[in-house]
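Visitor: Supplied structure: final21.pdb, PDB, C-alpha atoms.
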```pdb
ATOM      1  CA  MET A   1      25.014 -10.527  -5.352  1.00  0.00           C
ATOM      2  CA  ASN A   2      22.016  -9.380  -3.299  1.00  0.00           C
ATOM      3  CA  THR A   3      19.572  -6.632  -4.255  1.00  0.00           C
ATOM      4  CA  ASP A   4      21.383  -3.892  -2.302  1.00  0.00           C
ATOM      5  CA  GLU A   5      24.745  -4.819  -3.815  1.00  0.00           C
ATOM      6  CA  ALA A   6      23.274  -4.860  -7.312  1.00  0.00           C
ATOM      7  CA  ARG A   7      21.744  -1.431  -6.745  1.00  0.00           C
ATOM      8  CA  ASP A   8      25.041  -0.104  -5.425  1.00  0.00           C
ATOM      9  CA  THR A   9      26.865  -1.409  -8.497  1.00  0.00           C
ATOM     10  CA  ALA A  10      24.318   0.082 -10.887  1.00  0.00           C
ATOM     11  CA  ALA A  11      24.428   3.451  -9.111  1.00  0.00           C
ATOM     12  CA  GLY A  12      28.175   3.727  -9.491  1.00  0.00           C
ATOM     13  CA  PRO A  13      30.518   5.579  -7.138  1.00  0.00           C
ATOM     14  CA  ARG A  14      28.933   8.144  -4.828  1.00  0.00           C
ATOM     15  CA  ASN A  15      30.499  10.943  -2.849  1.00  0.00           C
ATOM     16  CA  GLY A  16      29.532  14.071  -0.987  1.00  0.00           C
ATOM     17  CA  LEU A  17      25.956  15.219  -1.538  1.00  0.00           C
ATOM     18  CA  ALA A  18      25.135  12.247  -3.767  1.00  0.00           C
ATOM     19  CA  GLU A  19      26.146   9.835  -1.000  1.00  0.00           C
ATOM     20  CA  GLU A  20      24.072  11.719   1.561  1.00  0.00           C
ATOM     21  CA  ALA A  21      21.041  11.793  -0.739  1.00  0.00           C
ATOM     22  CA  TRP A  22      21.392   8.064  -1.331  1.00  0.00           C
ATOM     23  CA  ARG A  23      21.456   7.346   2.405  1.00  0.00           C
ATOM     24  CA  VAL A  24      18.384   9.505   3.073  1.00  0.00           C
ATOM     25  CA  GLU A  25      16.543   7.873   0.164  1.00  0.00           C
ATOM     26  CA  GLU A  26      17.397   4.418   1.508  1.00  0.00           C
ATOM     27  CA  ALA A  27      16.102   5.388   4.948  1.00  0.00           C
ATOM     28  CA  SER A  28      12.913   6.795   3.430  1.00  0.00           C
ATOM     29  CA  LEU A  29      12.122   3.390   1.965  1.00  0.00           C
ATOM     30  CA  ALA A  30      11.707   2.045   5.488  1.00  0.00           C
ATOM     31  CA  LEU A  31       9.142   4.764   6.198  1.00  0.00           C
ATOM     32  CA  VAL A  32       7.361   4.035   2.928  1.00  0.00           C
ATOM     33  CA  GLU A  33       7.137   0.373   3.866  1.00  0.00           C
ATOM     34  CA  MET A  34       5.756   1.260   7.304  1.00  0.00           C
ATOM     35  CA  THR A  35       3.142   3.461   5.661  1.00  0.00           C
ATOM     36  CA  LEU A  36       2.085   0.787   3.180  1.00  0.00           C
ATOM     37  CA  ASN A  37       1.870  -1.810   5.949  1.00  0.00           C
ATOM     38  CA  ALA A  38      -0.244   0.542   8.049  1.00  0.00           C
ATOM     39  CA  VAL A  39      -2.566   1.177   5.097  1.00  0.00           C
ATOM     40  CA  ALA A  40      -2.873  -2.548   4.390  1.00  0.00           C
ATOM     41  CA  GLU A  41      -3.460  -3.599   7.987  1.00  0.00           C
ATOM     42  CA  ASP A  42      -5.169  -0.652   9.682  1.00  0.00           C
ATOM     43  CA  SER A  43      -7.158   1.185   7.021  1.00  0.00           C
ATOM     44  CA  ASP A  44      -9.933   0.546   4.516  1.00  0.00           C
ATOM     45  CA  LEU A  45      -8.480   3.238   2.249  1.00  0.00           C
ATOM     46  CA  SER A  46      -6.320   2.624  -0.772  1.00  0.00           C
ATOM     47  CA  VAL A  47      -2.974   4.403  -1.011  1.00  0.00           C
ATOM     48  CA  THR A  48      -4.426   6.631  -3.738  1.00  0.00           C
ATOM     49  CA  GLN A  49      -7.400   7.630  -1.582  1.00  0.00           C
ATOM     50  CA  LEU A  50      -5.112   8.309   1.362  1.00  0.00           C
ATOM     51  CA  ARG A  51      -2.948  10.494  -0.842  1.00  0.00           C
ATOM     52  CA  VAL A  52      -6.001  12.586  -1.757  1.00  0.00           C
ATOM     53  CA  LEU A  53      -7.058  12.916   1.884  1.00  0.00           C
ATOM     54  CA  LEU A  54      -3.583  13.967   2.969  1.00  0.00           C
ATOM     55  CA  ALA A  55      -3.307  16.543   0.180  1.00  0.00           C
ATOM     56  CA  VAL A  56      -6.629  18.147   1.109  1.00  0.00           C
ATOM     57  CA  ASP A  57      -5.893  17.980   4.833  1.00  0.00           C
ATOM     58  CA  ARG A  58      -2.529  19.649   4.330  1.00  0.00           C
ATOM     59  CA  HIS A  59      -3.396  22.258   1.697  1.00  0.00           C
ATOM     60  CA  GLY A  60      -7.184  22.546   1.800  1.00  0.00           C
ATOM     61  CA  PRO A  61      -9.745  23.730   1.317  1.00  0.00           C
ATOM     62  CA  LEU A  62      -8.927  23.300  -2.385  1.00  0.00           C
ATOM     63  CA  ASN A  63     -10.780  23.630  -5.636  1.00  0.00           C
ATOM     64  CA  LEU A  64     -10.629  20.665  -7.989  1.00  0.00           C
ATOM     65  CA  SER A  65      -7.974  22.128 -10.287  1.00  0.00           C
ATOM     66  CA  ALA A  66      -5.660  22.888  -7.369  1.00  0.00           C
ATOM     67  CA  LEU A  67      -6.112  19.376  -5.975  1.00  0.00           C
ATOM     68  CA  ALA A  68      -5.361  17.846  -9.377  1.00  0.00           C
ATOM     69  CA  ALA A  69      -2.167  19.924  -9.516  1.00  0.00           C
ATOM     70  CA  HIS A  70      -1.072  18.717  -6.076  1.00  0.00           C
ATOM     71  CA  LEU A  71      -1.698  15.104  -7.126  1.00  0.00           C
ATOM     72  CA  ALA A  72      -0.233  15.577 -10.633  1.00  0.00           C
ATOM     73  CA  VAL A  73      -3.305  13.989 -12.222  1.00  0.00           C
ATOM     74  CA  SER A  74      -5.964  15.233 -14.607  1.00  0.00           C
ATOM     75  CA  VAL A  75      -8.927  17.205 -13.286  1.00  0.00           C
ATOM     76  CA  SER A  76     -11.333  14.427 -14.298  1.00  0.00           C
ATOM     77  CA  ALA A  77      -9.263  11.810 -12.449  1.00  0.00           C
ATOM     78  CA  ALA A  78      -9.155  14.002  -9.337  1.00  0.00           C
ATOM     79  CA  GLY A  79     -12.915  14.525  -9.639  1.00  0.00           C
ATOM     80  CA  ARG A  80     -13.593  10.785  -9.643  1.00  0.00           C
ATOM     81  CA  LEU A  81     -11.410  10.272  -6.570  1.00  0.00           C
ATOM     82  CA  VAL A  82     -13.089  13.145  -4.726  1.00  0.00           C
ATOM     83  CA  ALA A  83     -16.533  11.793  -5.624  1.00  0.00           C
ATOM     84  CA  ARG A  84     -15.731   8.426  -4.045  1.00  0.00           C
ATOM     85  CA  LEU A  85     -14.350   9.990  -0.879  1.00  0.00           C
ATOM     86  CA  ASP A  86     -17.347  12.322  -0.702  1.00  0.00           C
ATOM     87  CA  ASP A  87     -19.676   9.327  -0.990  1.00  0.00           C
ATOM     88  CA  ALA A  88     -17.729   7.688   1.851  1.00  0.00           C
ATOM     89  CA  GLY A  89     -18.184  10.789   4.005  1.00  0.00           C
ATOM     90  CA  LEU A  90     -14.450  11.562   4.165  1.00  0.00           C
ATOM     91  CA  LEU A  91     -14.456  14.702   1.998  1.00  0.00           C
ATOM     92  CA  THR A  92     -17.009  17.427   1.515  1.00  0.00           C
ATOM     93  CA  ARG A  93     -17.752  19.384  -1.673  1.00  0.00           C
ATOM     94  CA  LEU A  94     -19.398  22.774  -1.377  1.00  0.00           C
ATOM     95  CA  LEU A  95     -19.774  25.736  -3.670  1.00  0.00           C
ATOM     96  CA  SER A  96     -16.748  27.975  -3.298  1.00  0.00           C
ATOM     97  CA  PRO A  97     -17.421  31.265  -1.514  1.00  0.00           C
ATOM     98  CA  HIS A  98     -15.266  32.940  -4.177  1.00  0.00           C
ATOM     99  CA  SER A  99     -16.946  31.574  -7.289  1.00  0.00           C
ATOM    100  CA  ARG A 100     -20.166  29.677  -7.930  1.00  0.00           C
ATOM    101  CA  ARG A 101     -18.470  27.993 -10.892  1.00  0.00           C
ATOM    102  CA  GLU A 102     -16.137  25.966  -8.687  1.00  0.00           C
ATOM    103  CA  ILE A 103     -16.351  23.767  -5.629  1.00  0.00           C
ATOM    104  CA  SER A 104     -14.412  23.883  -2.395  1.00  0.00           C
ATOM    105  CA  ILE A 105     -13.099  20.506  -1.197  1.00  0.00           C
ATOM    106  CA  ASP A 106     -12.286  19.890   2.460  1.00  0.00           C
ATOM    107  CA  VAL A 107     -11.795  16.990   4.861  1.00  0.00           C
ATOM    108  CA  THR A 108     -14.712  16.015   7.093  1.00  0.00           C
ATOM    109  CA  ALA A 109     -14.471  15.002  10.744  1.00  0.00           C
ATOM    110  CA  ALA A 110     -14.650  11.356   9.637  1.00  0.00           C
ATOM    111  CA  GLY A 111     -11.828  11.961   7.174  1.00  0.00           C
ATOM    112  CA  ARG A 112      -9.645  13.469   9.870  1.00  0.00           C
ATOM    113  CA  ARG A 113     -10.370  10.514  12.129  1.00  0.00           C
ATOM    114  CA  ALA A 114      -9.308   8.135   9.349  1.00  0.00           C
ATOM    115  CA  ILE A 115      -6.046  10.070   8.870  1.00  0.00           C
ATOM    116  CA  GLY A 116      -5.417  10.150  12.608  1.00  0.00           C
ATOM    117  CA  HIS A 117      -6.039   6.397  12.943  1.00  0.00           C
ATOM    118  CA  LEU A 118      -3.606   5.606  10.158  1.00  0.00           C
ATOM    119  CA  ARG A 119      -0.928   7.970  11.446  1.00  0.00           C
ATOM    120  CA  ALA A 120      -1.206   6.450  14.925  1.00  0.00           C
ATOM    121  CA  ALA A 121      -0.653   2.990  13.435  1.00  0.00           C
ATOM    122  CA  ARG A 122       2.403   4.240  11.566  1.00  0.00           C
ATOM    123  CA  ARG A 123       3.795   5.969  14.650  1.00  0.00           C
ATOM    124  CA  ARG A 124       3.567   2.686  16.552  1.00  0.00           C
ATOM    125  CA  ARG A 125       5.727   1.046  13.905  1.00  0.00           C
ATOM    126  CA  ILE A 126       8.202   3.928  13.939  1.00  0.00           C
ATOM    127  CA  ALA A 127       8.366   3.866  17.751  1.00  0.00           C
ATOM    128  CA  ALA A 128       9.121   0.141  17.696  1.00  0.00           C
ATOM    129  CA  ALA A 129      12.103   0.783  15.415  1.00  0.00           C
ATOM    130  CA  LEU A 130      13.275   3.749  17.516  1.00  0.00           C
ATOM    131  CA  THR A 131      13.466   1.596  20.652  1.00  0.00           C
ATOM    132  CA  ARG A 132      16.369  -0.226  19.019  1.00  0.00           C
ATOM    133  CA  LEU A 133      18.398   3.012  18.837  1.00  0.00           C
ATOM    134  CA  PRO A 134      20.291   4.725  21.679  1.00  0.00           C
ATOM    135  CA  PRO A 135      18.431   7.740  23.161  1.00  0.00           C
ATOM    136  CA  GLY A 136      21.001  10.184  21.817  1.00  0.00           C
ATOM    137  CA  THR A 137      20.658   8.798  18.314  1.00  0.00           C
ATOM    138  CA  ARG A 138      16.865   9.044  18.513  1.00  0.00           C
ATOM    139  CA  ARG A 139      17.030  12.703  19.512  1.00  0.00           C
ATOM    140  CA  ALA A 140      19.547  13.506  16.801  1.00  0.00           C
ATOM    141  CA  LEU A 141      17.442  11.704  14.190  1.00  0.00           C
ATOM    142  CA  ALA A 142      14.255  13.516  15.202  1.00  0.00           C
ATOM    143  CA  GLY A 143      16.035  16.876  15.069  1.00  0.00           C
ATOM    144  CA  ALA A 144      17.619  16.165  11.694  1.00  0.00           C
ATOM    145  CA  LEU A 145      14.305  15.027  10.195  1.00  0.00           C
ATOM    146  CA  THR A 146      12.591  18.165  11.478  1.00  0.00           C
ATOM    147  CA  GLU A 147      15.181  20.299   9.707  1.00  0.00           C
ATOM    148  CA  PHE A 148      14.928  18.160   6.569  1.00  0.00           C
ATOM    149  CA  THR A 149      11.143  18.548   6.495  1.00  0.00           C
ATOM    150  CA  ALA A 150      11.413  22.316   6.697  1.00  0.00           C
ATOM    151  CA  ALA A 151      14.051  22.369   3.949  1.00  0.00           C
ATOM    152  CA  ALA A 152      11.959  20.130   1.682  1.00  0.00           C
ATOM    153  CA  ARG A 153       8.891  22.335   2.042  1.00  0.00           C
ATOM    154  CA  THR A 154      10.655  25.535   1.047  1.00  0.00           C
ATOM    155  CA  ASP A 155      10.902  24.282  -2.546  1.00  0.00           C
ATOM    156  CA  GLU A 156       7.551  22.508  -2.609  1.00  0.00           C
ATOM    157  CA  GLU A 157       5.314  23.677  -5.442  1.00  0.00           C
ATOM    158  CA  PRO A 158       2.400  21.701  -6.872  1.00  0.00           C
ATOM    159  CA  ALA A 159       2.826  20.504 -10.429  1.00  0.00           C
ATOM    160  CA  ALA A 160       0.425  21.764 -13.050  1.00  0.00           C
ATOM    161  CA  ALA A 161      -2.678  19.638 -13.391  1.00  0.00           C
ATOM    162  CA  ARG A 162      -2.540  17.224 -16.301  1.00  0.00           C
ATOM    163  CA  THR A 163      -4.595  18.229 -19.299  1.00  0.00           C
ATOM    164  CA  ASP A 164      -5.241  14.819 -20.833  1.00  0.00           C
ATOM    165  CA  GLU A 165      -8.989  15.349 -20.794  1.00  0.00           C
ATOM    166  CA  GLU A 166     -11.377  14.152 -23.459  1.00  0.00           C
ATOM    167  CA  PRO A 167     -11.239  16.403 -26.562  1.00  0.00           C
ATOM    168  CA  GLY A 168     -13.534  19.369 -26.187  1.00  0.00           C
ATOM    169  CA  ALA A 169     -14.356  18.624 -22.564  1.00  0.00           C
ATOM    170  CA  ALA A 170     -14.462  21.629 -20.267  1.00  0.00           C
ATOM    171  CA  TRP A 171     -14.823  21.479 -16.521  1.00  0.00           C
ATOM    172  CA  THR A 172     -17.678  23.532 -15.101  1.00  0.00           C
ATOM    173  CA  GLY A 173     -17.403  22.559 -11.461  1.00  0.00           C
ATOM    174  CA  GLU A 174     -19.183  19.224 -11.814  1.00  0.00           C
ATOM    175  CA  GLU A 175     -17.216  16.005 -11.392  1.00  0.00           C
ATOM    176  CA  PRO A 176     -17.668  13.092 -13.803  1.00  0.00           C
ATOM    177  CA  ALA A 177     -19.475  10.020 -12.542  1.00  0.00           C
ATOM    178  CA  ALA A 178     -17.439   7.807 -10.235  1.00  0.00           C
ATOM    179  CA  ARG A 179     -15.534   4.952 -11.842  1.00  0.00           C
ATOM    180  CA  THR A 180     -14.902   1.632 -10.145  1.00  0.00           C
ATOM    181  CA  ASP A 181     -11.261   1.208 -11.171  1.00  0.00           C
ATOM    182  CA  GLU A 182      -8.533   2.862  -9.142  1.00  0.00           C
ATOM    183  CA  GLU A 183      -6.694   5.793 -10.669  1.00  0.00           C
ATOM    184  CA  PRO A 184      -2.969   5.597 -11.415  1.00  0.00           C
ATOM    185  CA  GLY A 185      -0.468   7.746  -9.612  1.00  0.00           C
ATOM    186  CA  ALA A 186      -0.562   6.214  -6.114  1.00  0.00           C
ATOM    187  CA  GLY A 187       2.573   7.243  -4.333  1.00  0.00           C
ATOM    188  CA  HIS A 188       4.146   7.629  -0.974  1.00  0.00           C
ATOM    189  CA  ALA A 189       1.762   9.122   1.536  1.00  0.00           C
ATOM    190  CA  SER A 190       3.430  12.049   3.141  1.00  0.00           C
ATOM    191  CA  ASP A 191       3.016  12.753   6.810  1.00  0.00           C
ATOM    192  CA  PRO A 192       2.093  16.442   7.123  1.00  0.00           C
ATOM    193  CA  PRO A 193       1.300  18.108  10.429  1.00  0.00           C
ATOM    194  CA  TYR A 194      -2.313  17.510  11.458  1.00  0.00           C
ATOM    195  CA  THR A 195      -4.349  20.687  11.513  1.00  0.00           C
ATOM    196  CA  ASP A 196      -7.931  20.901  12.686  1.00  0.00           C
ATOM    197  CA  ARG A 197     -10.487  22.594  10.526  1.00  0.00           C
ATOM    198  CA  THR A 198     -14.159  23.438  10.955  1.00  0.00           C
ATOM    199  CA  THR A 199     -16.243  20.489   9.795  1.00  0.00           C
ATOM    200  CA  ARG A 200     -18.652  21.346   7.038  1.00  0.00           C
ATOM    201  CA  ARG A 201     -20.587  18.112   7.150  1.00  0.00           C
ATOM    202  CA  ASN A 202     -22.353  16.546  10.128  1.00  0.00           C
ATOM    203  CA  GLN A 203     -21.160  12.962  10.457  1.00  0.00           C
TER     204      GLN A 203
END
```
Starting from the file, give its structure as structure tokens.

Guide:
Amino acid sequence: MNTDEARDTAAGPRNGLAEEAWRVEEASLALVEMTLNAVAEDSDLSVTQLRVLLAVDRHGPLNLSALAAHLAVSVSAAGRLVARLDDAGLLTRLLSPHSRREISIDVTAAGRRAIGHLRAARRRRIAAALTRLPPGTRRALAGALTEFTAAARTDEEPAAARTDEEPGAAWTGEEPAARTDEEPGAGHASDPPYTDRTTRRNQ
């Protein structure tokens, strides 16, 4: 029994919505693999760092607590990731115009170039797969995925930031010192629409 057959057996009988969800989830694995291959071959970023960049590019500017909620990690973990990307010139941290007790995090021009380079590499892989489909199927797939994306975003709410901080520690807008080990929680890098923003750092 191969891996797919074993998974089918373990999942049990499927019908209706469950069957459709299973098929979409299976298809999404191909996109995940394309993303991971693009990260491995065409980017110096880790999947975790890319996830941070994409979250800020899509939802930013963000304060640190909001970013941690989007990533479902602790504020201190998000702070360490932001510090590394700031050091690399991919994110910028400025005092928030709304409160001097918090920072505003945004993507720099270099960060947007890194995202654009990676997305172009992934699109090349997707295009190669699409050439093996009939034109009508390609158009139908693109239309269906556009509708699916809109439906998925209607229910999208960031999770609350994790609170597993050190006892007694309170965040005052300053991130902890960067740590050399990668943070847990790397996941699938989503592919949000690219939106230009005013660069706050000269590259």

Visitor: Counting only C-alpha atoms, which residues come within 8 Å of (-10.1, 23.8, -11.0), with the point read in the file's coordinates, and could you list them as a list in words?

Guide: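 Taken together, the residues in range are Asn63, Leu64, Ser65, Ala66, Leu67, Ala68, Val75, Glu102, Trp171 and Gly173 of chain A.
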
Visitor: Go ahead and fit an axis-aligned box to every listed atom of region 143-148 of chain A plus 3 Å each side, and pass me the centre and edge lengths in Å, one decimal, as JSON.

Guide:
```
{"center_x": 15.1, "center_y": 17.7, "center_z": 10.8, "size_x": 11.0, "size_y": 11.3, "size_z": 14.5}
```

Visitor: Can you tell me which residues surround Ala128 (chain A) at a distance of at most 12 Å, considering all atoms listed in the file, apart from same-chain residues fewer than 5 positions away, and format the answer as number ranges by chain?

Guide: A: 34, 121-123, 133, 138

Visitor: Any chance you could export the current selection's C-alpha atoms as a short mmCIF file (atom, residue, chain, number, x, y, z; two decimals), in the coordinates of the input?

Guide:
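Just written: again09.cif:
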```
data_model
loop_
_atom_site.label_atom_id
_atom_site.label_comp_id
_atom_site.auth_asym_id
_atom_site.auth_seq_id
_atom_site.Cartn_x
_atom_site.Cartn_y
_atom_site.Cartn_z
CA MET A 34 5.76 1.26 7.30
CA ALA A 121 -0.65 2.99 13.44
CA ARG A 122 2.40 4.24 11.57
CA ARG A 123 3.80 5.97 14.65
CA LEU A 133 18.40 3.01 18.84
CA ARG A 138 16.86 9.04 18.51
#
```

Visitor: Once the PyMOL selection byres ((chain A and resi 89) around 12) is applied to the coordinates I shared, what remains selected? I want it as a ChimeraX atom specification.

Guide: /A:53,82-88,90-93,106-114,199-203

Visitor: Under the rule that only C-alpha atoms are counted, which of A:Ile126, A:Leu81, A:His98, A:Ala140 is the nearest residue to Asn37 (chain A)?

Guide: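 Answer, going by the shortest atom-to-atom distance: A:Ile126.
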
Visitor: If you measure from CA of Asp44 (chain A) to CA of Ser28 (chain A), what distance in Å do you get, rounded to one decimal?

Guide: 23.7 Å

Visitor: Work out how far CA of Val52 (chain A) is from CA of Leu71 (chain A), in Å to one decimal.

Guide: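 Going from CA of Leu71 (chain A) over to CA of Val52 (chain A), I get 7.3 Å.
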
Visitor: What does the distance from CA of Leu36 (chain A) to CA of Gln49 (chain A) come to in Å, to one decimal?

Guide: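 About the pair CA of Leu36 (chain A) and CA of Gln49 (chain A): they are 12.6 Å apart.
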
Visitor: For the PyMOL selection byres ((chain A and resi 39) around 12), applied here, can you spell out every residue it catches as a compact mmCIF listing (two decimals) with C-alpha atoms, in the coordinates of the input?

Guide:
```txt
# COMPACT_ATOMS: atom_id res chain seq x y z
CA VAL A 32 7.36 4.04 2.93
CA GLU A 33 7.14 0.37 3.87
CA MET A 34 5.76 1.26 7.30
CA THR A 35 3.14 3.46 5.66
CA LEU A 36 2.08 0.79 3.18
CA ASN A 37 1.87 -1.81 5.95
CA ALA A 38 -0.24 0.54 8.05
CA ALA A 40 -2.87 -2.55 4.39
CA GLU A 41 -3.46 -3.60 7.99
CA ASP A 42 -5.17 -0.65 9.68
CA SER A 43 -7.16 1.18 7.02
CA ASP A 44 -9.93 0.55 4.52
CA LEU A 45 -8.48 3.24 2.25
CA SER A 46 -6.32 2.62 -0.77
CA VAL A 47 -2.97 4.40 -1.01
CA THR A 48 -4.43 6.63 -3.74
CA GLN A 49 -7.40 7.63 -1.58
CA LEU A 50 -5.11 8.31 1.36
CA ARG A 51 -2.95 10.49 -0.84
CA ALA A 114 -9.31 8.14 9.35
CA ILE A 115 -6.05 10.07 8.87
CA HIS A 117 -6.04 6.40 12.94
CA LEU A 118 -3.61 5.61 10.16
CA ARG A 119 -0.93 7.97 11.45
CA ALA A 120 -1.21 6.45 14.92
CA ALA A 121 -0.65 2.99 13.44
CA ARG A 122 2.40 4.24 11.57
CA HIS A 188 4.15 7.63 -0.97
CA ALA A 189 1.76 9.12 1.54
```
